[in-house]
Structures are given as C-alpha cells and as structure tokens.
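Colleague: Provided herewith: target13.cif, mmCIF, N, CA, C and O atoms.
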data_model
loop_
_atom_site.group_PDB
_atom_site.id
_atom_site.type_symbol
_atom_site.label_atom_id
_atom_site.label_comp_id
_atom_site.auth_asym_id
_atom_site.auth_seq_id
_atom_site.Cartn_x
_atom_site.Cartn_y
_atom_site.Cartn_z
ATOM 1 N N MET A 1 -155.845 9.072 73.804
ATOM 2 C CA MET A 1 -155.169 7.901 73.309
ATOM 3 C C MET A 1 -154.395 8.303 72.062
ATOM 4 O O MET A 1 -154.874 9.053 71.228
ATOM 5 N N LYS A 2 -153.178 7.802 71.928
ATOM 6 C CA LYS A 2 -152.353 8.082 70.754
ATOM 7 C C LYS A 2 -152.083 6.785 70.015
ATOM 8 O O LYS A 2 -151.976 5.719 70.606
ATOM 9 N N TYR A 3 -151.981 6.891 68.722
ATOM 10 C CA TYR A 3 -151.686 5.748 67.878
ATOM 11 C C TYR A 3 -150.433 6.040 67.070
ATOM 12 O O TYR A 3 -150.109 7.182 66.798
ATOM 13 N N MET A 4 -149.754 4.996 66.662
ATOM 14 C CA MET A 4 -148.580 5.143 65.823
ATOM 15 C C MET A 4 -148.853 4.477 64.488
ATOM 16 O O MET A 4 -149.344 3.349 64.447
ATOM 17 N N MET A 5 -148.580 5.190 63.422
ATOM 18 C CA MET A 5 -148.687 4.610 62.097
ATOM 19 C C MET A 5 -147.285 4.257 61.632
ATOM 20 O O MET A 5 -146.388 5.088 61.635
ATOM 21 N N PHE A 6 -147.087 3.021 61.267
ATOM 22 C CA PHE A 6 -145.787 2.527 60.832
ATOM 23 C C PHE A 6 -145.887 2.197 59.359
ATOM 24 O O PHE A 6 -146.692 1.356 58.957
ATOM 25 N N VAL A 7 -145.104 2.874 58.540
ATOM 26 C CA VAL A 7 -145.136 2.668 57.098
ATOM 27 C C VAL A 7 -143.836 2.011 56.657
ATOM 28 O O VAL A 7 -142.763 2.495 56.984
ATOM 29 N N CYS A 8 -143.945 0.910 55.953
ATOM 30 C CA CYS A 8 -142.765 0.203 55.445
ATOM 31 C C CYS A 8 -142.721 0.332 53.933
ATOM 32 O O CYS A 8 -143.753 0.447 53.287
ATOM 33 N N ASP A 9 -141.520 0.299 53.416
ATOM 34 C CA ASP A 9 -141.397 0.257 51.969
ATOM 35 C C ASP A 9 -140.355 -0.780 51.580
ATOM 36 O O ASP A 9 -139.572 -1.233 52.398
ATOM 37 N N ASP A 10 -140.408 -1.157 50.344
ATOM 38 C CA ASP A 10 -139.523 -2.194 49.827
ATOM 39 C C ASP A 10 -138.129 -1.618 49.592
ATOM 40 O O ASP A 10 -137.975 -0.460 49.213
ATOM 41 N N THR A 11 -137.106 -2.421 49.796
ATOM 42 C CA THR A 11 -135.743 -1.968 49.527
ATOM 43 C C THR A 11 -135.484 -1.845 48.033
ATOM 44 O O THR A 11 -134.543 -1.178 47.618
ATOM 45 N N GLN A 12 -136.325 -2.473 47.243
ATOM 46 C CA GLN A 12 -136.266 -2.339 45.785
ATOM 47 C C GLN A 12 -137.548 -1.642 45.343
ATOM 48 O O GLN A 12 -138.554 -2.275 45.074
ATOM 49 N N PRO A 13 -137.548 -0.319 45.316
ATOM 50 C CA PRO A 13 -138.781 0.426 45.044
ATOM 51 C C PRO A 13 -139.400 0.111 43.682
ATOM 52 O O PRO A 13 -138.696 -0.181 42.724
ATOM 53 N N ASP A 14 -140.705 0.192 43.648
ATOM 54 C CA ASP A 14 -141.464 0.029 42.416
ATOM 55 C C ASP A 14 -141.264 1.286 41.576
ATOM 56 O O ASP A 14 -141.417 2.405 42.067
ATOM 57 N N THR A 15 -140.929 1.137 40.328
ATOM 58 C CA THR A 15 -140.681 2.304 39.473
ATOM 59 C C THR A 15 -141.948 2.846 38.826
ATOM 60 O O THR A 15 -141.912 3.893 38.189
ATOM 61 N N ASP A 16 -143.079 2.161 38.991
ATOM 62 C CA ASP A 16 -144.343 2.636 38.440
ATOM 63 C C ASP A 16 -144.913 3.706 39.349
ATOM 64 O O ASP A 16 -145.360 3.434 40.458
ATOM 65 N N THR A 17 -144.912 4.962 38.915
ATOM 66 C CA THR A 17 -145.363 6.076 39.748
ATOM 67 C C THR A 17 -146.824 6.447 39.507
ATOM 68 O O THR A 17 -147.313 7.420 40.077
ATOM 69 N N GLU A 18 -147.526 5.681 38.710
ATOM 70 C CA GLU A 18 -148.906 6.020 38.352
ATOM 71 C C GLU A 18 -149.850 6.046 39.547
ATOM 72 O O GLU A 18 -150.699 6.915 39.653
ATOM 73 N N ASP A 19 -149.737 5.095 40.469
ATOM 74 C CA ASP A 19 -150.684 4.988 41.582
ATOM 75 C C ASP A 19 -150.091 5.420 42.921
ATOM 76 O O ASP A 19 -150.535 4.965 43.973
ATOM 77 N N LEU A 20 -149.090 6.287 42.922
ATOM 78 C CA LEU A 20 -148.493 6.719 44.176
ATOM 79 C C LEU A 20 -149.449 7.619 44.956
ATOM 80 O O LEU A 20 -150.080 8.502 44.380
ATOM 81 N N PRO A 21 -149.563 7.421 46.261
ATOM 82 C CA PRO A 21 -150.416 8.298 47.070
ATOM 83 C C PRO A 21 -149.762 9.673 47.244
ATOM 84 O O PRO A 21 -148.554 9.830 47.087
ATOM 85 N N ASP A 22 -150.568 10.660 47.579
ATOM 86 C CA ASP A 22 -150.077 12.022 47.806
ATOM 87 C C ASP A 22 -149.615 12.142 49.253
ATOM 88 O O ASP A 22 -150.349 12.607 50.122
ATOM 89 N N ILE A 23 -148.384 11.704 49.535
ATOM 90 C CA ILE A 23 -147.859 11.707 50.900
ATOM 91 C C ILE A 23 -147.715 13.132 51.421
ATOM 92 O O ILE A 23 -148.072 13.426 52.567
ATOM 93 N N GLU A 24 -147.201 14.031 50.601
ATOM 94 C CA GLU A 24 -147.022 15.416 51.033
ATOM 95 C C GLU A 24 -148.363 16.052 51.409
ATOM 96 O O GLU A 24 -148.451 16.800 52.376
ATOM 97 N N GLY A 25 -149.395 15.745 50.645
ATOM 98 C CA GLY A 25 -150.738 16.260 50.960
ATOM 99 C C GLY A 25 -151.253 15.712 52.279
ATOM 100 O O GLY A 25 -151.844 16.434 53.084
ATOM 101 N N TRP A 26 -151.036 14.420 52.500
ATOM 102 C CA TRP A 26 -151.451 13.795 53.760
ATOM 103 C C TRP A 26 -150.734 14.437 54.935
ATOM 104 O O TRP A 26 -151.348 14.760 55.957
ATOM 105 N N VAL A 27 -149.417 14.632 54.802
ATOM 106 C CA VAL A 27 -148.632 15.242 55.870
ATOM 107 C C VAL A 27 -149.130 16.662 56.146
ATOM 108 O O VAL A 27 -149.357 17.042 57.298
ATOM 109 N N ALA A 28 -149.325 17.454 55.100
ATOM 110 C CA ALA A 28 -149.778 18.834 55.267
ATOM 111 C C ALA A 28 -151.146 18.895 55.943
ATOM 112 O O ALA A 28 -151.361 19.700 56.864
ATOM 113 N N GLU A 29 -152.071 18.058 55.516
ATOM 114 C CA GLU A 29 -153.416 18.057 56.100
ATOM 115 C C GLU A 29 -153.380 17.669 57.578
ATOM 116 O O GLU A 29 -154.000 18.317 58.424
ATOM 117 N N ASN A 30 -152.647 16.621 57.903
ATOM 118 C CA ASN A 30 -152.619 16.144 59.284
ATOM 119 C C ASN A 30 -151.792 17.038 60.190
ATOM 120 O O ASN A 30 -152.092 17.155 61.377
ATOM 121 N N ASP A 31 -150.779 17.704 59.647
ATOM 122 C CA ASP A 31 -150.058 18.716 60.422
ATOM 123 C C ASP A 31 -150.983 19.885 60.742
ATOM 124 O O ASP A 31 -151.022 20.371 61.872
ATOM 125 N N ALA A 32 -151.725 20.333 59.748
ATOM 126 C CA ALA A 32 -152.630 21.474 59.924
ATOM 127 C C ALA A 32 -153.724 21.179 60.950
ATOM 128 O O ALA A 32 -154.139 22.073 61.690
ATOM 129 N N ARG A 33 -154.178 19.954 61.024
ATOM 130 C CA ARG A 33 -155.229 19.568 61.968
ATOM 131 C C ARG A 33 -154.678 19.149 63.333
ATOM 132 O O ARG A 33 -155.438 18.798 64.232
ATOM 133 N N GLY A 34 -153.350 19.142 63.464
ATOM 134 C CA GLY A 34 -152.736 18.770 64.733
ATOM 135 C C GLY A 34 -152.767 17.289 65.030
ATOM 136 O O GLY A 34 -152.606 16.871 66.167
ATOM 137 N N ARG A 35 -152.968 16.471 64.004
ATOM 138 C CA ARG A 35 -153.076 15.023 64.216
ATOM 139 C C ARG A 35 -151.750 14.300 64.054
ATOM 140 O O ARG A 35 -151.595 13.187 64.518
ATOM 141 N N ARG A 36 -150.829 14.909 63.351
ATOM 142 C CA ARG A 36 -149.518 14.282 63.156
ATOM 143 C C ARG A 36 -148.529 14.977 64.075
ATOM 144 O O ARG A 36 -148.297 16.170 63.986
ATOM 145 N N LEU A 37 -147.954 14.230 65.003
ATOM 146 C CA LEU A 37 -147.074 14.828 65.990
ATOM 147 C C LEU A 37 -145.616 14.799 65.558
ATOM 148 O O LEU A 37 -144.858 15.704 65.878
ATOM 149 N N GLN A 38 -145.213 13.758 64.877
ATOM 150 C CA GLN A 38 -143.814 13.609 64.495
ATOM 151 C C GLN A 38 -143.719 12.592 63.385
ATOM 152 O O GLN A 38 -144.542 11.687 63.281
ATOM 153 N N GLY A 39 -142.708 12.709 62.580
ATOM 154 C CA GLY A 39 -142.500 11.722 61.530
ATOM 155 C C GLY A 39 -141.090 11.791 60.999
ATOM 156 O O GLY A 39 -140.522 12.858 60.873
ATOM 157 N N SER A 40 -140.531 10.632 60.725
ATOM 158 C CA SER A 40 -139.199 10.569 60.124
ATOM 159 C C SER A 40 -138.980 9.188 59.536
ATOM 160 O O SER A 40 -139.656 8.229 59.906
ATOM 161 N N ALA A 41 -138.016 9.107 58.650
ATOM 162 C CA ALA A 41 -137.684 7.822 58.033
ATOM 163 C C ALA A 41 -136.913 6.960 59.018
ATOM 164 O O ALA A 41 -136.259 7.471 59.924
ATOM 165 N N LEU A 42 -137.015 5.661 58.840
ATOM 166 C CA LEU A 42 -136.254 4.745 59.675
ATOM 167 C C LEU A 42 -134.780 4.807 59.325
ATOM 168 O O LEU A 42 -134.407 5.122 58.199
ATOM 169 N N ALA A 43 -133.941 4.489 60.281
ATOM 170 C CA ALA A 43 -132.503 4.397 60.045
ATOM 171 C C ALA A 43 -132.224 3.172 59.188
ATOM 172 O O ALA A 43 -133.018 2.236 59.146
ATOM 173 N N PRO A 44 -131.089 3.145 58.509
ATOM 174 C CA PRO A 44 -130.757 1.972 57.692
ATOM 175 C C PRO A 44 -130.569 0.716 58.545
ATOM 176 O O PRO A 44 -130.278 0.796 59.736
ATOM 177 N N GLU A 45 -130.717 -0.414 57.914
ATOM 178 C CA GLU A 45 -130.589 -1.704 58.603
ATOM 179 C C GLU A 45 -129.231 -1.846 59.300
ATOM 180 O O GLU A 45 -129.118 -2.452 60.365
ATOM 181 N N SER A 46 -128.211 -1.239 58.739
ATOM 182 C CA SER A 46 -126.867 -1.335 59.332
ATOM 183 C C SER A 46 -126.779 -0.656 60.697
ATOM 184 O O SER A 46 -125.867 -0.932 61.480
ATOM 185 N N ALA A 47 -127.740 0.204 61.027
ATOM 186 C CA ALA A 47 -127.747 0.893 62.324
ATOM 187 C C ALA A 47 -128.559 0.148 63.380
ATOM 188 O O ALA A 47 -128.665 0.593 64.515
ATOM 189 N N ALA A 48 -129.120 -1.001 63.014
ATOM 190 C CA ALA A 48 -129.983 -1.755 63.923
ATOM 191 C C ALA A 48 -129.196 -2.363 65.081
ATOM 192 O O ALA A 48 -128.012 -2.656 64.967
ATOM 193 N N THR A 49 -129.882 -2.556 66.191
ATOM 194 C CA THR A 49 -129.314 -3.226 67.359
ATOM 195 C C THR A 49 -130.118 -4.493 67.609
ATOM 196 O O THR A 49 -131.341 -4.473 67.592
ATOM 197 N N THR A 50 -129.440 -5.587 67.842
ATOM 198 C CA THR A 50 -130.090 -6.861 68.134
ATOM 199 C C THR A 50 -130.077 -7.088 69.639
ATOM 200 O O THR A 50 -129.052 -6.909 70.287
ATOM 201 N N VAL A 51 -131.222 -7.472 70.171
ATOM 202 C CA VAL A 51 -131.343 -7.752 71.607
ATOM 203 C C VAL A 51 -131.708 -9.216 71.774
ATOM 204 O O VAL A 51 -132.687 -9.688 71.187
ATOM 205 N N ALA A 52 -130.919 -9.947 72.533
ATOM 206 C CA ALA A 52 -131.189 -11.352 72.803
ATOM 207 C C ALA A 52 -131.555 -11.519 74.268
ATOM 208 O O ALA A 52 -131.043 -10.803 75.126
ATOM 209 N N TYR A 53 -132.456 -12.432 74.548
ATOM 210 C CA TYR A 53 -132.836 -12.684 75.939
ATOM 211 C C TYR A 53 -133.107 -14.162 76.115
ATOM 212 O O TYR A 53 -133.495 -14.853 75.185
ATOM 213 N N ALA A 54 -132.905 -14.618 77.330
ATOM 214 C CA ALA A 54 -133.162 -16.024 77.644
ATOM 215 C C ALA A 54 -134.611 -16.166 78.094
ATOM 216 O O ALA A 54 -135.166 -15.287 78.727
ATOM 217 N N THR A 55 -135.229 -17.256 77.760
ATOM 218 C CA THR A 55 -136.613 -17.525 78.153
ATOM 219 C C THR A 55 -136.719 -17.489 79.683
ATOM 220 O O THR A 55 -135.916 -18.110 80.371
ATOM 221 N N GLY A 56 -137.673 -16.757 80.184
ATOM 222 C CA GLY A 56 -137.892 -16.665 81.617
ATOM 223 C C GLY A 56 -137.046 -15.610 82.303
ATOM 224 O O GLY A 56 -137.144 -15.407 83.505
ATOM 225 N N SER A 57 -136.221 -14.921 81.569
ATOM 226 C CA SER A 57 -135.373 -13.884 82.168
ATOM 227 C C SER A 57 -135.978 -12.510 81.953
ATOM 228 O O SER A 57 -136.607 -12.242 80.998
#
Kindly return the structure encoded in the file as structure tokens.
Modeller:
Amino acid sequence: MKYMMFVCDDTQPDTDTEDLPDIEGWVAENDARGRRLQGSALAPESAATTVAYATGS
C-alpha cells in the first residue's frame, strides 16, 4: 500500500524561523530508507486547470 503526503504552505510565509522543521533531514532520512519515492513543489495557481461537470454525468 502506498500513501501520499500532501504539504501545503501559506502564500504569505511566516518570517519566524525559530520553529521550522528540518525538512532536508526528513527528506534525506526517508530517501535513505526507501520510503520517499518522489517529491516536488506544486505548480503556481496560474497553471491550474478547472474541470466542470454536470450532476449525473
């Protein structure tokens, strides 16, 4: 079974860096253990596609 972790961040980042998690450490550890298969940042909102559908279709 595979799971996806989805991480969101605010468009107005918090400037307080005191409590930031060690993302690079997490990535390195999970890459080394073979638990992280792929990762990348989301595309900007301007690249989004909207899909509309009719109820029952």
Colleague: One decimal, in Å: what's the spacing between atom C of Arg33 (chain A) and atom O of Asp16 (chain A)?
Modeller: 29.3 Å
Colleague: Please provide as number ranges by chain all residues within 12 Å of Lys2 (chain A), with the sequence filter that same-chain residues fewer than 4 positions apart are discarded (counting only C-alpha atoms).
Modeller: A: 35-38
Colleague: Can you spit out the residues from that selection as a compact mmCIF listing (two decimals), keeping the file's coordinate frame, using N, CA, C and O atoms?
Modeller:
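That gives us result.txt:
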# COMPACT_ATOMS: atom_id res chain seq x y z
N ARG A 35 -152.97 16.47 64.00
CA ARG A 35 -153.08 15.02 64.22
C ARG A 35 -151.75 14.30 64.05
O ARG A 35 -151.60 13.19 64.52
N ARG A 36 -150.83 14.91 63.35
CA ARG A 36 -149.52 14.28 63.16
C ARG A 36 -148.53 14.98 64.08
O ARG A 36 -148.30 16.17 63.99
N LEU A 37 -147.95 14.23 65.00
CA LEU A 37 -147.07 14.83 65.99
C LEU A 37 -145.62 14.80 65.56
O LEU A 37 -144.86 15.70 65.88
N GLN A 38 -145.21 13.76 64.88
CA GLN A 38 -143.81 13.61 64.50
C GLN A 38 -143.72 12.59 63.38
O GLN A 38 -144.54 11.69 63.28
Colleague: Please report the interatomic distance between CA of Pro21 (chain A) and CA of Met4 (chain A) in Å with one decimal.
Modeller: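 Separation of CA of Pro21 (chain A) and CA of Met4 (chain A): 19.1 Å.
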Colleague: Work out how far atom N of Phe6 (chain A) is from atom N of Ala43 (chain A), in Å to one decimal.
Modeller: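 Separation between atom N of Ala43 (chain A) and atom N of Phe6 (chain A): 13.3 Å.
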Colleague: I need the residues of chain A that end up classed as alpha helix (DSSP H) by DSSP on the backbone, written out as a PyMOL selection string.
Modeller: chain A and resi 23-32
Colleague: Draw an axis-aligned box tight on the listed atoms of region 31-43 of chain A, then pad every side by 4 Å and write out centre and edge lengths in Å to one decimal as JSON.
Modeller:
{"center_x": -143.8, "center_y": 12.2, "center_z": 62.1, "size_x": 31.2, "size_y": 27.8, "size_z": 16.1}
Colleague: Between A:Ala54, A:Gly34, A:Gly39, A:Thr49, which one has atoms that come closest to Met5 (chain A), using all atoms listed in the file?
Modeller: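 Checking each candidate against Met5 (chain A), we get A:Gly39 as the closest.
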